[in-house]
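So the structure is just underneath, and the comments pick up after that.
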Number of protein chains: 4
Amino acid sequence: MSRPLGVAAIGYAFMGKAHSQAWRNVGAYFDVPAVEQRVLVGRGAGQVAEAAARYGWAESATDWREVIKREDVDIVDICAPGWLHAEIAIAALQAGKHVLVEKPLSNTLAESHAMVDAARSARERGVQSMVGFNYRRVPALAYARGLIADGRLGTVREVRAAYLQDWLADPEAPMSWRLRKETAGSGALGDIASHAIDQLQYLLGDTVTEVSGRLHTFVSRRPGPDGVEEVTVDDAAWATLSLAGGAIASVEASRVATGRKNSLRIEVYGTEGALAFDLERLNELEFLDATTPAAEQGFRRIVVTEPEHPYVGAWWPQGHVIGWEHTFTHQIRDFLLAIRDGSAPSPSFAEGLQVQRVLGAIEQSAAAKSAIIQV
Amino acid sequence: MSRPLGVAAIGYAFMGKAHSQAWRNVGAYFDVPAVEQRVLVGRGAGQVAEAAARYGWAESATDWREVIKREDVDIVDICAPGWLHAEIAIAALQAGKHVLVEKPLSNTLAESHAMVDAARSARERGVQSMVGFNYRRVPALAYARGLIADGRLGTVREVRAAYLQDWLADPEAPMSWRLRKETAGSGALGDIASHAIDQLQYLLGDTVTEVSGRLHTFVSRRPGPDGVEEVTVDDAAWATLSLAGGAIASVEASRVATGRKNSLRIEVYGTEGALAFDLERLNELEFLDATTPAAEQGFRRIVVTEPEHPYVGAWWPQGHVIGWEHTFTHQIRDFLLAIRDGSAPSPSFAEGLQVQRVLGAIEQSAAAKSAIIQV
Amino acid sequence: MSRPLGVAAIGYAFMGKAHSQAWRNVGAYFDVPAVEQRVLVGRGAGQVAEAAARYGWAESATDWREVIKREDVDIVDICAPGWLHAEIAIAALQAGKHVLVEKPLSNTLAESHAMVDAARSARERGVQSMVGFNYRRVPALAYARGLIADGRLGTVREVRAAYLQDWLADPEAPMSWRLRKETAGSGALGDIASHAIDQLQYLLGDTVTEVSGRLHTFVSRRPGPDGVEEVTVDDAAWATLSLAGGAIASVEASRVATGRKNSLRIEVYGTEGALAFDLERLNELEFLDATTPAAEQGFRRIVVTEPEHPYVGAWWPQGHVIGWEHTFTHQIRDFLLAIRDGSAPSPSFAEGLQVQRVLGAIEQSAAAKSAIIQV
Amino acid sequence: MSRPLGVAAIGYAFMGKAHSQAWRNVGAYFDVPAVEQRVLVGRGAGQVAEAAARYGWAESATDWREVIKREDVDIVDICAPGWLHAEIAIAALQAGKHVLVEKPLSNTLAESHAMVDAARSARERGVQSMVGFNYRRVPALAYARGLIADGRLGTVREVRAAYLQDWLADPEAPMSWRLRKETAGSGALGDIASHAIDQLQYLLGDTVTEVSGRLHTFVSRRPGPDGVEEVTVDDAAWATLSLAGGAIASVEASRVATGRKNSLRIEVYGTEGALAFDLERLNELEFLDATTPAAEQGFRRIVVTEPEHPYVGAWWPQGHVIGWEHTFTHQIRDFLLAIRDGSAPSPSFAEGLQVQRVLGAIEQSAAAKSAIIQV
């Protein structure tokens with residue numbers, strides 16, 4: 001690795017901004033291969049140039065097809081909307097670039113399958129790929145996974161997960177590409193329930209095998225630039241899931257849960273312990289150890305900022321909390337280490353596909369009066 | 001009302017103990033008709049005599065059929081297990097006694113229908129009846145209902161309810177009548193999900209119209225007095241419910257949720273506000289008013305002990321919290337006032353039947369691969 | 001103990017009501033000597049008769065001097081204001097009656113010394129006495145004391161205590177006997193800081209040896225029945241205390257802490273663990289065990305309702321929370337057991353005097369520019 | 001402002017790392033004058049070169065005297081230990097460089113006075129200076145200050161502040177320059193109580209006028225590189241403070257508060273409202289509005305991540321929380337805007353001196369048996 005890895009990012013909106021900060025800062029905290037923010041790609045030349053300057057990219061460009069051919073680009077980071085993921089990712093992998101793609105993997109199962117194939121074949125050529133379920137890199141959740149893997153919860157029986165937001169609670173909140181099925185694929189389901197589902201599979205190291213689901217749109221018409229438009233995705237989603245290992249999980253996602261801003265809450269109940277987490281307090285994990293005497297049991301609020309905890313030793317002393325954006329830095333750290341070491345990055349495209357398949361089964365179940373569907 | 005109302009209670013176990021304290025204390029705090037604890041009824045003569053002495057009853061008896069004929073008994077309070085409810089309640093109503101019956105109304109829909117008929121006909125003769133969903137008398141929840149009725153939440157869209165306990169988390173916890181279908185009817189579903197379902201209908205002043213449900217028994221065999229026995233009820237239940245007014249509710253109940261002791265949690269999300277409650281902190285209600293400026297919004301922890309709050313003015317000054325048992329005192333207070341005033345007590349047997357019908361529909365759905373069932 | 005113990009209570013206001021419920025209910029939950037609520041004493045014949053009927057007393061009376069002579073009275077429970085404590089208690093002890101006196105022991109050190117003498121001499125005759133610091137009987141705090149005594153916190157270094165209320169936050173809140181020095185002795189200091197100070201000595205099993213203090217009256221004039229009156233006691237008090245064992249404690253008390261209803265908060269920091277408690281959540285104790293690995297440490301929220309916890313096994317199953325009033329039932333339970341067994345009740349009058357001495361030292365320090373005063 | 005402002009930072013340890021990230025990122029989020037990280041200064045050439053590369057500085061250097069003369073350096077950011085502050089800051093100001101200095105302003109009052117003089121005279125020449133009490137830039141606290149300034153709390157009566165850490169709880173934690181009076185000036189007092197004191201003056205827009213204080217060292221000897229050494233600073237500090245406007249504040253600081261990692265907790269009680277904050281949950285502010293009806297009052301947990309809140313609009317959507325380090329970015333943003341606009345940066349050196357004077361008075365009081373000392 002004689003020269004720094006060149007990075008191109010595609011997309012400069014919300015996710016592009018978040019990923020940019022991670023590329024800009026990862027080297028200040030973690031021992032990773034050197035990287036250079038070579039080029040930021042977007043549709044509007046002026047806007048992307050401005051964003052590139054602001055977010056630390058050496059150049060900007062408007063044609064991703066040109067960019068993925070560049071010799072000085074080693075990594076392509078896809079922050080564009082979901083309907084563009086497959087085309088860009090497959091092309092980039094074929095061009096020999098390592099690819100990080102934001103979740104969801106893509107908007108359709110067919111595309112996702114094609115991406116998995118491309119990733120598998122790329123990996124044979126030493127080209128890496130990964131999908132951006134960044135909440136796997138919340139230290140509290142990474143630590144939680146370790147506790148579960150170490151058997152500290154015994155056998156997990158129940159998971160209770162919800163991802164609640166309220167940015168669509170107001171019926172006057174306007175239309176956007178996120179509210180149209182053709183661009184977004186689905187609503188709360190794909191956008192945020194997907195995080196909850198990936199997370200519970202990640203935490204348990206297990207796989208969802210069947211689902212019963214329901215979708216609902218509370219506000220079916222919203223103001224658009226050209227008048228009132230029909231909302232064609234769900235505002236909220238509910239599902240009950242079976243996992244291969246025997247656990248049962250409930251998942252609820254909503255963008256109209258008034259008062260909840262970004263509340264991914266997960267509770268895990270096992271035979272020997274339990275965990276609880278809320279993304280609005282992402283530095284904390286509640287852990288109950290049921291093997292201690294009953295009189296002493298209680299959910300303990302662990303401030304996950306100790307040097308022993310995943311990732312956080314790189315930042316600040318204990319109790320000096322980190323924020324939401326740090327998860328992206330951790331994600332890129334892990335991706336860079338996998339590139340350096342040739343190890344398999346996770347979540348892989350195949351893992352991203354598995355989440356898509358669960359989401360698809362929920363949609364099918366919702367269309368079939370909630371009857372259980374095999375994944 | 002020239003003489004005190006005579007009360008007979010049937011059953012002296014957990015619920016009998018709780019109801020006894022309510023009869024013993026209600027007059028010290030509330031302006032209600034005078035009552036006398038005349039007789040406590042149970043199967044074992046010695047044990048019931050001891051319980052009667054301990055819990056403040058003038059006498060004990062073993063034959064409830066004799067007791068409900070007594071002239072000095074005006075009220076029959078049925079704390080016996082569910083399979084006995086119908087027979088006793090119908091007989092007592094026919095004997096002209098006011099009847100308070102613990103939830104569930106009964107173990108079968110047929111019995112419950114008969115009880116509703118008996119109650120209707122008794123009411124025509126001025127004889128009152130009520131079913132004991134005591135959590136309606138948690139001050140925080142009664143106050144919450146008022147906030148919703150006053151429109152403070154706008155239109156309610158989503159309810160998220162769970163009733164989590166862990167007394168069966170240990171696979172070695174022994175068999176009991178609560179774990180056999182023939183005596184208990186169902187498990188977590190009838191025992192605690194019933195509370196959650198009654199509560200959400202109560203809070204919203206609305207009715208569940210259709211359900212999708214699932215039941216699961218994590219520990220299918222438990223040690224009994226005569227060796228290992230099969231558990232024939234559910235350890236945990238999940239359901240998604242539609243309400244007539246358009247809201248959608250999720251309900252989850254478990255007796256194996258390690259670390260949760262008696263956690264009935266309810267969140268209600270409306271267009272203009274939200275509420276959150278946990279029975280383990282029953283003196284508190286969280287309320288978010290979304291009509292205040294966004295920067296000032298937040299779930300406020302109301303300590304529901306002000307004189308303005310329901311029931312609590314009768315007890316202690318603000319901040320001097322009450323406990324779980326007080327809900328029974330409030331229930332009896334309301335029942336006595338309804339008897340005095342001739343007004344309709346609530347929850348009526350018909351309301352109890354409605355909860356049973358929802359539970360029945362959940363069982364049906366669970367047996368039909370979670371497909372939606374009309375209530 | 002051939003006949004039930006006869007009880008007389010003096011005072012039927014706030015404390016009289018609270019103690020009455022304890023006498024009425026203690027036998028239903030605890031195995032204690034049988035008691036009978038013989039007579040309730042108060043100044044107004046009509047009001048006390050009504051209160052007696054309401055609170056379960058067989059009779060009422062207006063002259064406590066007569067009552068303490070009655071042969072059928074074995075226990076005198078003094079719920080009258082502090083300025084009456086000494087006279088009644090000493091007379092009752094001399095009459096051979098066991099005496100429970102509400103805190104504060106009395107309003108002056110001289111009176112308190114006389115009471116301690118009377119109690120000592122009575123005890124030689126088998127006559128028992130106790131002062132009512134009821135918060136020693138909060139299960140969470142009794143359990144906390146046990147944890148500290150068992151060394152689970154190692155050496156305690158710091159205690160941080162506050163008792164915050166807000167019933168005087170409103171400058172228009174009216175005058176009462178509690179706001180006049182001649183009747184109340186002091187304000188927040190004697191009324192509530194006293195609880196905090198007793199509690200920290202109780203928790204640590206230690207004694208305050210020196211103090212620096214400050215008192216302040218934020219609202220110095222309040223409306224009385226005959227016009228505006230001067231408030232002659234403190235609204236708030238602050239103190240830093242040294243304990244014999246080397247710990248240092250801060251105590252803060254206020255009746256003008258807007259939004260705090262009855263918040264006695266105590267944090268204890270030791271070399272090997274820490275505790276935190278808030279009376280507004282009296283069923284919970286937070287405990288941090290610093291001997292577990294750093295990554296797993298956290299304040300655990302123990303719901304103090306297990307059978308293994310002090311007192312609570314007598315009430316309801318786990319998670320079925322108790323209220324503020326239960327502390328009085330526990331207090332009477334312990335007093336009755338001490339009477340039965342002849343063991344020394346605690347807190348004794350001498351312990352009550354020790355608290356008074358600390359309060360006196362704080363007043364002295366406050367008058368001396370906060371300079372440290374030996375207790 | 002034709003070319004970017006050149007920045008030199010002195011010190012590359014904990015604070016240097018934190019300030020570096022702020023310089024590296026401020027322009028990506030805020031519209032501020034362009035800056036360039038020109039040179040990082042430290043004692044060890046190798047280490048500082050490595051740190052410079054890691055933290056985004058163009059160069060490194062070992063002699064701050066040379067650096068502050070450089071024409072391409074416009075701003076000097078002093079992250080060196082306190083005993084070096086005065087010399088560097090005064091020299092830099094005299095050289096015409098804008099100066100940001102970490103708190104405490106310096107270790108002695110004499111030095112601080114000299115720095116204030118230098119800052120005043122520099123400001124006449126358009127050269128800016130500021131001291132780094134970064135917690136003023138916690139969005140929740142900046143928002144709290146606004147609420148107080150807008151009168152939402154009415155008249156503030158009481159402040160209850162504590163800064164609790166536990167990194168010295170272990171008696172085997174080693175000696176360092178922070179534990180020697182000659183290098184650190186004081187212990188918990190100067191290091192963390194200073195933050196609490198600055199913060200309460202900031203929140204109230206008021207000034208401490210007199211104090212009573214106490215200091216204590218629980219662990220008086222600790223292992224050093226050359227054997228056991230005496231600790232010459234305090235482990236913990238307590239003070240009661242009067243403010244000019246009539247409020248009274250308690251402050252407690254400890255580095256041995258087991259289980260508290262970085263818990264700066266502040267409660268403010270006014271006639272019409274109250275606030276509570278904990279740095280371990282820095283995205284949240286609890287606010288109670290006592291002008292709403294009593295039944296609806298409660299501390300509301302505001303997640304301070306709305307666009308309307310100070311600073312946070314620049315980062316992520318609502319509910320996407322920020323971390324501790326962001327306070328430094330905000331601080332530099334405000335410093336750069338003051339440089340651009342010529343407005344007075346705050347906290348000024350004079351404000352830093354005022355904090356030092358309060359700390360000095362606490363030390364004096366502690367040495368005088370806690371007697372009240374005028375500031």
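A note on labels: chains of the structure tokens are A, B, ... as shown, every chain counts residues from 1, and ligands are counted from 1 in their shown order.
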
TODO: Using DSSP on the backbone coordinates, identify all residues within stretch 10-214 of chain A classified as strand (DSSP E); present the result as a ChimeraX atom specification.
DONE: /A:10,35-41,59-61,75-78,98-102,129-132,156-164,208-214

Okay, now the selection with C-alpha atoms, as a compact mmCIF listing (two decimals), in the first residue's frame?
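What landed in selection37.txt:
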```txt
# COMPACT_ATOMS: atom_id res chain seq x y z
CA ILE A 10 -21.32 9.50 -4.92
CA VAL A 35 -6.93 7.60 2.47
CA GLU A 36 -7.44 10.63 0.27
CA GLN A 37 -10.81 12.15 -0.45
CA ARG A 38 -10.31 12.38 -4.22
CA VAL A 39 -13.67 13.20 -5.70
CA LEU A 40 -17.25 13.85 -4.74
CA VAL A 41 -19.86 13.07 -7.36
CA GLU A 59 -12.41 17.54 -6.65
CA SER A 60 -16.00 17.20 -7.70
CA ALA A 61 -17.60 15.54 -10.68
CA ILE A 75 -12.87 2.94 -3.17
CA VAL A 76 -16.33 3.98 -4.30
CA ASP A 77 -18.69 5.03 -1.55
CA ILE A 78 -22.28 5.08 -2.81
CA HIS A 98 -13.91 -1.57 -3.43
CA VAL A 99 -17.52 -0.55 -2.83
CA LEU A 100 -19.31 0.69 0.25
CA VAL A 101 -23.00 1.16 -0.42
CA GLU A 102 -25.50 2.82 1.86
CA SER A 129 -17.76 -4.67 -0.71
CA MET A 130 -19.94 -3.77 2.23
CA VAL A 131 -23.38 -2.35 2.93
CA GLY A 132 -23.78 0.51 5.37
CA VAL A 156 -32.47 -15.41 23.69
CA ARG A 157 -36.24 -15.81 23.63
CA GLU A 158 -37.71 -12.46 22.76
CA VAL A 159 -36.61 -9.32 21.03
CA ARG A 160 -38.69 -6.19 21.13
CA ALA A 161 -37.55 -3.61 18.61
CA ALA A 162 -38.97 -0.32 17.43
CA TYR A 163 -37.66 2.48 15.30
CA LEU A 164 -39.76 5.53 15.93
CA VAL A 208 -35.19 -14.36 10.38
CA THR A 209 -37.05 -17.31 8.86
CA GLU A 210 -40.68 -16.23 8.79
CA VAL A 211 -42.72 -13.11 9.30
CA SER A 212 -46.18 -11.75 9.79
CA GLY A 213 -46.47 -8.10 8.92
CA ARG A 214 -48.64 -5.07 8.47
```

Task: DSSP helix (DSSP H, G or I) selection over stretch 325-371 of chain D, as a ChimeraX atom specification - done: /D:326-341,349-367

I need the residues from that last selection saved to file as a PDB file, in the first residue's frame (with C-alpha atoms), if you can.
```pdb
ATOM      1  CA  HIS D 326     -18.813  19.070  19.150  1.00  0.00           C
ATOM      2  CA  THR D 327     -18.655  21.687  21.873  1.00  0.00           C
ATOM      3  CA  PHE D 328     -15.154  22.547  20.702  1.00  0.00           C
ATOM      4  CA  THR D 329     -16.293  22.970  17.138  1.00  0.00           C
ATOM      5  CA  HIS D 330     -19.005  25.335  18.311  1.00  0.00           C
ATOM      6  CA  GLN D 331     -16.490  27.233  20.371  1.00  0.00           C
ATOM      7  CA  ILE D 332     -14.206  27.751  17.420  1.00  0.00           C
ATOM      8  CA  ARG D 333     -17.149  28.680  15.229  1.00  0.00           C
ATOM      9  CA  ASP D 334     -18.048  31.451  17.669  1.00  0.00           C
ATOM     10  CA  PHE D 335     -14.439  32.577  17.975  1.00  0.00           C
ATOM     11  CA  LEU D 336     -14.062  32.775  14.197  1.00  0.00           C
ATOM     12  CA  LEU D 337     -17.287  34.755  13.862  1.00  0.00           C
ATOM     13  CA  ALA D 338     -16.114  37.185  16.518  1.00  0.00           C
ATOM     14  CA  ILE D 339     -12.824  37.601  14.652  1.00  0.00           C
ATOM     15  CA  ARG D 340     -14.696  38.169  11.407  1.00  0.00           C
ATOM     16  CA  ASP D 341     -17.177  40.610  12.918  1.00  0.00           C
ATOM     17  CA  PHE D 349     -10.130  36.540  29.717  1.00  0.00           C
ATOM     18  CA  ALA D 350     -11.912  38.784  32.240  1.00  0.00           C
ATOM     19  CA  GLU D 351     -14.614  36.169  32.605  1.00  0.00           C
ATOM     20  CA  GLY D 352     -11.934  33.543  33.030  1.00  0.00           C
ATOM     21  CA  LEU D 353     -10.370  35.674  35.739  1.00  0.00           C
ATOM     22  CA  GLN D 354     -13.696  35.987  37.515  1.00  0.00           C
ATOM     23  CA  VAL D 355     -13.909  32.203  37.703  1.00  0.00           C
ATOM     24  CA  GLN D 356     -10.352  32.096  39.050  1.00  0.00           C
ATOM     25  CA  ARG D 357     -11.301  34.610  41.716  1.00  0.00           C
ATOM     26  CA  VAL D 358     -14.217  32.465  42.824  1.00  0.00           C
ATOM     27  CA  LEU D 359     -11.933  29.429  42.962  1.00  0.00           C
ATOM     28  CA  GLY D 360      -9.440  31.454  44.981  1.00  0.00           C
ATOM     29  CA  ALA D 361     -12.115  32.501  47.432  1.00  0.00           C
ATOM     30  CA  ILE D 362     -13.179  28.874  47.872  1.00  0.00           C
ATOM     31  CA  GLU D 363      -9.604  27.936  48.684  1.00  0.00           C
ATOM     32  CA  GLN D 364      -9.423  30.791  51.181  1.00  0.00           C
ATOM     33  CA  SER D 365     -12.675  29.746  52.793  1.00  0.00           C
ATOM     34  CA  ALA D 366     -11.566  26.144  52.974  1.00  0.00           C
ATOM     35  CA  ALA D 367      -8.440  27.290  54.774  1.00  0.00           C
TER      36      ALA D 367
END
```

Please report, as CSV, each residue of chain A lying at most 10 Å from chain C, together with the nearest pair of atoms and the separation in Å rounded to one decimal; use only C-alpha atoms, and order rows by chain and ascending residue number.
```
residue,atom,partner,partner_atom,distance
A:Tyr143,CA,C:Ala295,CA,9.0
A:Leu147,CA,C:Glu296,CA,9.7
A:Glu284,CA,C:Gly298,CA,9.4
A:Leu285,CA,C:Gly298,CA,9.0
A:Glu286,CA,C:Arg300,CA,8.2
A:Phe287,CA,C:Arg300,CA,8.2
A:Leu288,CA,C:Arg300,CA,7.9
A:Asp289,CA,C:Arg300,CA,9.9
A:Pro293,CA,C:Glu308,CA,9.4
A:Ala294,CA,C:Glu306,CA,7.3
A:Ala295,CA,C:Glu308,CA,5.9
A:Glu296,CA,C:Ile302,CA,6.5
A:Gln297,CA,C:Ile302,CA,5.9
A:Gly298,CA,C:Ile302,CA,4.3
A:Phe299,CA,C:Arg300,CA,4.9
A:Arg300,CA,C:Arg300,CA,3.4
A:Arg301,CA,C:Gly298,CA,4.8
A:Ile302,CA,C:Gly298,CA,4.3
A:Val303,CA,C:Gly298,CA,6.8
A:Val304,CA,C:Ala295,CA,7.4
A:Thr305,CA,C:Ala295,CA,8.5
A:Glu306,CA,C:Ala295,CA,6.2
A:Pro307,CA,C:Ala295,CA,8.1
A:Glu308,CA,C:Ala295,CA,5.9
A:His309,CA,C:Ala295,CA,6.3
A:Pro310,CA,C:Ala295,CA,9.9
```

Given the selection you just returned, output its residues as a file containing N, CA and C atoms, formatted as a short mmCIF file (atom, residue, chain, number, x, y, z; two decimals), in the first residue's frame.
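Saved as part-v5.cif:
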```
data_model
loop_
_atom_site.label_atom_id
_atom_site.label_comp_id
_atom_site.auth_asym_id
_atom_site.auth_seq_id
_atom_site.Cartn_x
_atom_site.Cartn_y
_atom_site.Cartn_z
N TYR A 143 -21.02 -3.83 21.62
CA TYR A 143 -20.75 -4.46 22.92
C TYR A 143 -21.87 -5.43 23.28
N LEU A 147 -21.81 -9.44 24.34
CA LEU A 147 -22.40 -10.04 25.54
C LEU A 147 -23.28 -11.23 25.16
N GLU A 284 -25.32 4.65 25.88
CA GLU A 284 -25.72 3.86 27.02
C GLU A 284 -26.27 2.51 26.59
N LEU A 285 -26.00 1.51 27.44
CA LEU A 285 -26.60 0.19 27.25
C LEU A 285 -27.11 -0.25 28.61
N GLU A 286 -28.34 -0.73 28.62
CA GLU A 286 -28.86 -1.31 29.86
C GLU A 286 -28.70 -2.82 29.80
N PHE A 287 -28.13 -3.37 30.84
CA PHE A 287 -27.84 -4.81 30.88
C PHE A 287 -28.30 -5.36 32.22
N LEU A 288 -29.07 -6.42 32.17
CA LEU A 288 -29.47 -7.10 33.40
C LEU A 288 -28.89 -8.51 33.38
N ASP A 289 -28.16 -8.81 34.43
CA ASP A 289 -27.53 -10.12 34.58
C ASP A 289 -28.36 -10.94 35.56
N PRO A 293 -27.67 -12.66 42.38
CA PRO A 293 -28.81 -12.91 43.29
C PRO A 293 -29.99 -11.99 42.96
N ALA A 294 -31.20 -12.52 43.10
CA ALA A 294 -32.40 -11.78 42.69
C ALA A 294 -32.46 -10.39 43.32
N ALA A 295 -32.07 -10.29 44.58
CA ALA A 295 -32.21 -9.00 45.26
C ALA A 295 -31.31 -7.93 44.66
N GLU A 296 -30.28 -8.35 43.96
CA GLU A 296 -29.31 -7.38 43.40
C GLU A 296 -29.52 -7.12 41.92
N GLN A 297 -30.47 -7.83 41.33
CA GLN A 297 -30.65 -7.67 39.89
C GLN A 297 -31.30 -6.34 39.53
N GLY A 298 -30.91 -5.84 38.41
CA GLY A 298 -31.52 -4.62 37.90
C GLY A 298 -30.87 -4.27 36.59
N PHE A 299 -31.60 -3.56 35.76
CA PHE A 299 -30.98 -3.10 34.53
C PHE A 299 -29.93 -2.08 34.88
N ARG A 300 -28.70 -2.37 34.53
CA ARG A 300 -27.64 -1.41 34.82
C ARG A 300 -27.36 -0.56 33.60
N ARG A 301 -27.30 0.72 33.83
CA ARG A 301 -27.01 1.68 32.78
C ARG A 301 -25.50 1.77 32.61
N ILE A 302 -25.00 1.07 31.59
CA ILE A 302 -23.57 1.12 31.31
C ILE A 302 -23.32 2.30 30.37
N VAL A 303 -22.48 3.22 30.80
CA VAL A 303 -22.05 4.30 29.91
C VAL A 303 -20.93 3.71 29.05
N VAL A 304 -21.23 3.48 27.79
CA VAL A 304 -20.33 2.69 26.95
C VAL A 304 -19.24 3.60 26.37
N THR A 305 -18.38 4.03 27.27
CA THR A 305 -17.28 4.92 26.87
C THR A 305 -15.97 4.51 27.52
N GLU A 306 -15.88 3.26 27.95
CA GLU A 306 -14.65 2.78 28.56
C GLU A 306 -13.67 2.33 27.47
N PRO A 307 -12.39 2.37 27.77
CA PRO A 307 -11.42 1.87 26.80
C PRO A 307 -11.68 0.43 26.40
N GLU A 308 -12.29 -0.35 27.28
CA GLU A 308 -12.56 -1.76 26.98
C GLU A 308 -13.71 -1.93 25.98
N HIS A 309 -14.49 -0.90 25.78
CA HIS A 309 -15.65 -1.02 24.90
C HIS A 309 -15.22 -0.89 23.43
N PRO A 310 -16.00 -1.47 22.52
CA PRO A 310 -15.62 -1.41 21.11
C PRO A 310 -15.51 0.04 20.60
#
```

TODO: Skip D:Glu272 itself and residues of its chain fewer than 2 positions away, then list as a ChimeraX atom specification all residues within 10 Å of it, counting only C-alpha atoms.
DONE: /C:169-170,258-259 /D:151-156,269-270,274,288-292

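What separates atom CA of D:Ile148 from atom CA of D:Asp206 is a distance of 11.2 Å.
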
Task: Atomic separation - atom CA of B:Ala80 relative to atom CA of B:Gly16, Å - done: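 Going from atom CA of B:Gly16 over to atom CA of B:Ala80 covers 7.9 Å.
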
Open item on the list: Given only C-alpha atoms as the basis, pick out the residue of B:Val268, B:Ala149, B:Leu179, B:Ala184 nearest to B:His85.
Closed with: B:Ala184

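Closest approach to D:Pro225 from the set D:Gly273, D:Ser370, D:Trp177, D:Ser346 is made by D:Trp177, with distances taken over only C-alpha atoms.
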
Task: Selection near A:Ala95, 7 Å with only C-alpha atoms, sequence-local residues under 3 positions removed, as a list in words - done: Ile68, Lys69, Ala91 and Ala92 of chain A

Print the selection's residues with C-alpha atoms to a file, as a PDB file, in the first residue's frame.
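Generated output (selection31.pdb):
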```
ATOM      1  CA  ILE A  68     -15.296   4.795 -11.299  1.00  0.00           C
ATOM      2  CA  LYS A  69     -12.816   4.355 -14.077  1.00  0.00           C
ATOM      3  CA  ALA A  91     -20.124  -1.146 -12.392  1.00  0.00           C
ATOM      4  CA  ALA A  92     -17.674  -0.082  -9.715  1.00  0.00           C
TER       5      ALA A  92
END
```

Task: Point-to-point distance from atom CA of D:Gly11 to atom CA of D:Glu50, Å rounded to tenths - done: 12.7 Å
